[in-house]
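What follows is a short report on a single structure.
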Amino acid sequence: MAHTRASLAATTASFMSAFNSNDLDGVMAHFAADGVYEEFNNTRAVGLDAVRAAFAPQFSGAFGEMKFLDEDLMVDAETGKVMASWRCTLEVKGNPVSWRGLDAMTFDADGKITHKLTYAKAKAPLFE
């Protein structure tokens, strides 16, 4: 199936909604079987089991309640690529904080994420 700007934007919105609903199964449904997730701390997960394990702490509440607020979306339908910028909100030691980041995602012909690179506007990862 050919990508369109609308289809990639809708898929990205669904993906982000699953994050904000704390729905790990919903997030994983967006990944291809051999999908790659690269975190901004240089951690790389390949395949559904590894990607799920990388996301597990976040979805188990290890970092408190996290929300990703959409800021901007850039779509290249011809190449199946999306760049989504966002603001992550959470609490650290009882204080509300936020940081900005972006995801560069590549989608296959079935609309599944084959590669998700996360970048953050922070001096260092908040969590290790």
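Residue numbering restarts at 1 in every chain; chains get A, B, ... in the order shown in the structure tokens, and ligands count up from 1 in that same order.
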Using only C-alpha atoms, which protein or nucleic acid residues come within 12 Å of region 92-95 of chain A? Drop anything in the same chain fewer than 3 positions from it, and give the result as a short mmCIF file (atom, residue, chain, number, x, y, z; two decimals) with all heavy atoms, in the first residue's frame.
data_model
loop_
_atom_site.label_atom_id
_atom_site.label_comp_id
_atom_site.auth_asym_id
_atom_site.auth_seq_id
_atom_site.Cartn_x
_atom_site.Cartn_y
_atom_site.Cartn_z
N ALA A 62 7.51 3.11 36.27
CA ALA A 62 8.80 3.32 36.92
C ALA A 62 9.20 4.79 36.95
O ALA A 62 9.95 5.20 37.84
CB ALA A 62 9.88 2.50 36.21
N PHE A 63 8.72 5.57 36.00
CA PHE A 63 9.08 6.99 35.93
C PHE A 63 7.89 7.88 36.28
O PHE A 63 7.89 9.08 35.99
CB PHE A 63 9.59 7.33 34.53
CG PHE A 63 10.64 6.38 34.02
CD1 PHE A 63 10.49 5.75 32.81
CD2 PHE A 63 11.76 6.10 34.77
CE1 PHE A 63 11.44 4.87 32.33
CE2 PHE A 63 12.73 5.22 34.31
CZ PHE A 63 12.57 4.60 33.09
N GLY A 64 6.86 7.31 36.87
CA GLY A 64 5.65 8.06 37.15
C GLY A 64 4.81 8.18 35.88
O GLY A 64 5.05 7.50 34.89
N GLU A 65 3.83 9.03 35.94
CA GLU A 65 2.95 9.22 34.79
C GLU A 65 3.62 10.12 33.76
O GLU A 65 3.97 11.26 34.06
CB GLU A 65 1.63 9.83 35.22
CG GLU A 65 0.66 9.98 34.08
CD GLU A 65 -0.68 10.57 34.50
OE1 GLU A 65 -0.99 10.59 35.69
OE2 GLU A 65 -1.41 11.02 33.60
N MET A 66 3.80 9.59 32.57
CA MET A 66 4.43 10.35 31.49
C MET A 66 3.39 10.62 30.41
O MET A 66 2.59 9.74 30.08
CB MET A 66 5.58 9.56 30.87
CG MET A 66 6.72 9.28 31.82
SD MET A 66 8.01 8.23 31.08
CE MET A 66 8.81 9.40 30.00
N THR A 89 6.00 15.23 29.60
CA THR A 89 5.75 15.75 30.94
C THR A 89 5.74 14.57 31.91
O THR A 89 5.25 13.49 31.59
CB THR A 89 4.41 16.50 31.03
OG1 THR A 89 3.34 15.59 30.75
CG2 THR A 89 4.37 17.67 30.06
N SER A 98 9.37 18.83 32.42
CA SER A 98 9.13 18.44 31.04
C SER A 98 10.42 18.62 30.25
O SER A 98 11.32 19.33 30.68
CB SER A 98 7.99 19.26 30.41
OG SER A 98 8.38 20.60 30.22
N TRP A 99 10.48 17.94 29.14
CA TRP A 99 11.61 18.05 28.25
C TRP A 99 11.12 17.81 26.84
O TRP A 99 10.08 17.18 26.64
CB TRP A 99 12.75 17.11 28.63
CG TRP A 99 12.37 15.70 28.86
CD1 TRP A 99 11.72 15.20 29.94
CD2 TRP A 99 12.59 14.59 28.00
NE1 TRP A 99 11.52 13.85 29.81
CE2 TRP A 99 12.05 13.45 28.62
CE3 TRP A 99 13.19 14.45 26.76
CZ2 TRP A 99 12.10 12.19 28.04
CZ3 TRP A 99 13.25 13.18 26.19
CH2 TRP A 99 12.71 12.08 26.84
N LEU A 126 17.34 11.55 31.61
CA LEU A 126 16.78 11.70 32.95
C LEU A 126 16.91 10.41 33.74
O LEU A 126 16.99 10.42 34.95
CB LEU A 126 15.31 12.11 32.88
CG LEU A 126 15.04 13.49 32.28
CD1 LEU A 126 13.54 13.71 32.15
CD2 LEU A 126 15.63 14.56 33.19
N PHE A 127 16.88 9.30 33.06
CA PHE A 127 16.91 7.99 33.72
C PHE A 127 17.94 7.12 33.03
O PHE A 127 18.11 7.18 31.83
CB PHE A 127 15.54 7.32 33.62
CG PHE A 127 14.43 8.22 34.02
CD1 PHE A 127 13.62 8.79 33.05
CD2 PHE A 127 14.20 8.53 35.33
CE1 PHE A 127 12.60 9.65 33.40
CE2 PHE A 127 13.17 9.38 35.69
CZ PHE A 127 12.38 9.94 34.73
#
Inset, instruction - Assign secondary structure with DSSP using the backbone only, and return the residues of chain A in helix (DSSP H, G or I) as a PyMOL selection string. - result: chain A and resi 5-20+24-28+48-59
Residue subset to file, keeping N, CA and C atoms, as a compact mmCIF listing (two decimals), in the first residue's frame:
# COMPACT_ATOMS: atom_id res chain seq x y z
N ARG A 5 0.27 11.29 3.14
CA ARG A 5 0.52 12.12 4.31
C ARG A 5 -0.53 11.85 5.37
N ALA A 6 -1.79 11.75 4.95
CA ALA A 6 -2.89 11.53 5.90
C ALA A 6 -2.76 10.19 6.62
N SER A 7 -2.38 9.13 5.89
CA SER A 7 -2.29 7.81 6.54
C SER A 7 -1.14 7.78 7.54
N LEU A 8 0.00 8.37 7.19
CA LEU A 8 1.12 8.39 8.13
C LEU A 8 0.83 9.29 9.33
N ALA A 9 0.17 10.40 9.12
CA ALA A 9 -0.20 11.27 10.24
C ALA A 9 -1.18 10.56 11.17
N ALA A 10 -2.14 9.84 10.61
CA ALA A 10 -3.13 9.12 11.44
C ALA A 10 -2.45 7.99 12.22
N THR A 11 -1.55 7.27 11.57
CA THR A 11 -0.84 6.19 12.26
C THR A 11 0.02 6.74 13.38
N THR A 12 0.69 7.85 13.13
CA THR A 12 1.51 8.48 14.17
C THR A 12 0.64 8.95 15.33
N ALA A 13 -0.52 9.53 15.05
CA ALA A 13 -1.43 9.97 16.11
C ALA A 13 -1.91 8.77 16.93
N SER A 14 -2.20 7.67 16.28
CA SER A 14 -2.62 6.46 16.99
C SER A 14 -1.50 5.94 17.89
N PHE A 15 -0.29 5.96 17.38
CA PHE A 15 0.89 5.52 18.14
C PHE A 15 1.06 6.39 19.38
N MET A 16 1.01 7.70 19.22
CA MET A 16 1.16 8.62 20.36
C MET A 16 0.02 8.47 21.36
N SER A 17 -1.18 8.23 20.87
CA SER A 17 -2.34 8.02 21.74
C SER A 17 -2.14 6.79 22.62
N ALA A 18 -1.58 5.73 22.04
CA ALA A 18 -1.31 4.52 22.82
C ALA A 18 -0.30 4.82 23.94
N PHE A 19 0.72 5.62 23.64
CA PHE A 19 1.66 6.03 24.69
C PHE A 19 0.93 6.76 25.81
N ASN A 20 0.12 7.74 25.44
CA ASN A 20 -0.53 8.57 26.45
C ASN A 20 -1.65 7.85 27.18
N LEU A 24 0.77 -0.42 26.38
CA LEU A 24 1.96 -1.01 25.77
C LEU A 24 1.60 -1.92 24.60
N ASP A 25 0.53 -2.68 24.72
CA ASP A 25 0.12 -3.53 23.60
C ASP A 25 -0.23 -2.68 22.37
N GLY A 26 -0.89 -1.56 22.61
CA GLY A 26 -1.23 -0.64 21.52
C GLY A 26 0.00 -0.06 20.86
N VAL A 27 1.00 0.28 21.65
CA VAL A 27 2.26 0.79 21.11
C VAL A 27 2.93 -0.29 20.27
N MET A 28 2.99 -1.50 20.82
CA MET A 28 3.68 -2.59 20.13
C MET A 28 2.98 -3.00 18.84
N LEU A 48 10.47 -7.35 18.30
CA LEU A 48 9.35 -7.02 19.17
C LEU A 48 9.64 -7.27 20.65
N ASP A 49 10.26 -8.40 20.97
CA ASP A 49 10.54 -8.69 22.38
C ASP A 49 11.48 -7.66 22.99
N ALA A 50 12.52 -7.30 22.27
CA ALA A 50 13.49 -6.33 22.78
C ALA A 50 12.88 -4.93 22.88
N VAL A 51 12.08 -4.55 21.90
CA VAL A 51 11.43 -3.24 21.94
C VAL A 51 10.46 -3.18 23.12
N ARG A 52 9.67 -4.23 23.31
CA ARG A 52 8.74 -4.28 24.45
C ARG A 52 9.51 -4.16 25.76
N ALA A 53 10.61 -4.88 25.90
CA ALA A 53 11.41 -4.81 27.12
C ALA A 53 11.96 -3.40 27.35
N ALA A 54 12.34 -2.72 26.28
CA ALA A 54 12.85 -1.34 26.41
C ALA A 54 11.78 -0.39 26.92
N PHE A 55 10.53 -0.61 26.49
CA PHE A 55 9.43 0.26 26.91
C PHE A 55 8.83 -0.14 28.27
N ALA A 56 9.06 -1.36 28.72
CA ALA A 56 8.39 -1.89 29.92
C ALA A 56 8.51 -0.99 31.15
N PRO A 57 9.69 -0.47 31.49
CA PRO A 57 9.76 0.38 32.69
C PRO A 57 8.83 1.60 32.61
N GLN A 58 8.79 2.23 31.47
CA GLN A 58 7.92 3.40 31.31
C GLN A 58 6.45 3.03 31.52
N PHE A 59 6.03 1.91 30.95
CA PHE A 59 4.63 1.52 31.02
C PHE A 59 4.26 0.88 32.35
Inset, instruction - Calculate how many Å separate CA of Glu39 (chain A) from CA of Thr118 (chain A), rounding to one decimal. - result: 5.1 Å
Legend entry - Selection near Thr106 (chain A), 8 Å with only C-alpha atoms, sequence-local residues under 5 positions removed, as a ChimeraX atom specification: /A:79-82,113-116
Just-selected residues, N, CA, C and O atoms written as a compact mmCIF listing (two decimals), in the first residue's frame:
# COMPACT_ATOMS: atom_id res chain seq x y z
N THR A 79 8.83 8.50 1.14
CA THR A 79 9.82 7.62 1.77
C THR A 79 9.26 6.88 2.98
O THR A 79 9.95 6.04 3.56
N GLY A 80 8.02 7.20 3.39
CA GLY A 80 7.43 6.55 4.56
C GLY A 80 8.06 6.99 5.86
O GLY A 80 8.17 6.21 6.80
N LYS A 81 8.47 8.25 5.92
CA LYS A 81 9.15 8.76 7.12
C LYS A 81 8.36 9.87 7.78
O LYS A 81 7.74 10.69 7.11
N VAL A 82 8.43 9.88 9.11
CA VAL A 82 7.75 10.88 9.93
C VAL A 82 8.74 11.40 10.97
O VAL A 82 9.50 10.62 11.56
N ILE A 113 6.08 0.43 12.05
CA ILE A 113 7.35 1.11 12.30
C ILE A 113 8.48 0.11 12.15
O ILE A 113 8.52 -0.91 12.84
N THR A 114 9.41 0.42 11.27
CA THR A 114 10.60 -0.41 11.11
C THR A 114 11.79 0.17 11.86
O THR A 114 12.71 -0.56 12.22
N HIS A 115 11.75 1.48 12.12
CA HIS A 115 12.86 2.14 12.81
C HIS A 115 12.31 3.38 13.51
O HIS A 115 11.67 4.20 12.89
N LYS A 116 12.58 3.46 14.81
CA LYS A 116 12.18 4.63 15.60
C LYS A 116 13.42 5.12 16.34
O LYS A 116 13.98 4.42 17.17
Legend entry - Distance in Å - CA of Ala84 (chain A) versus CA of Glu71 (chain A): 7.5 Å
Legend entry - Point-to-point distance from CA of Asp70 (chain A) to CA of Asn22 (chain A), Å rounded to tenths: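 Result for CA of Asp70 (chain A) versus CA of Asn22 (chain A): 15.9 Å, one decimal.
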Inset, instruction - List every residue of region 53-90 of chain A that DSSP, applied to the backbone of this structure, assigns to strand (DSSP E or B), and report them as a ChimeraX atom specification. - result: /A:67-76,81-90
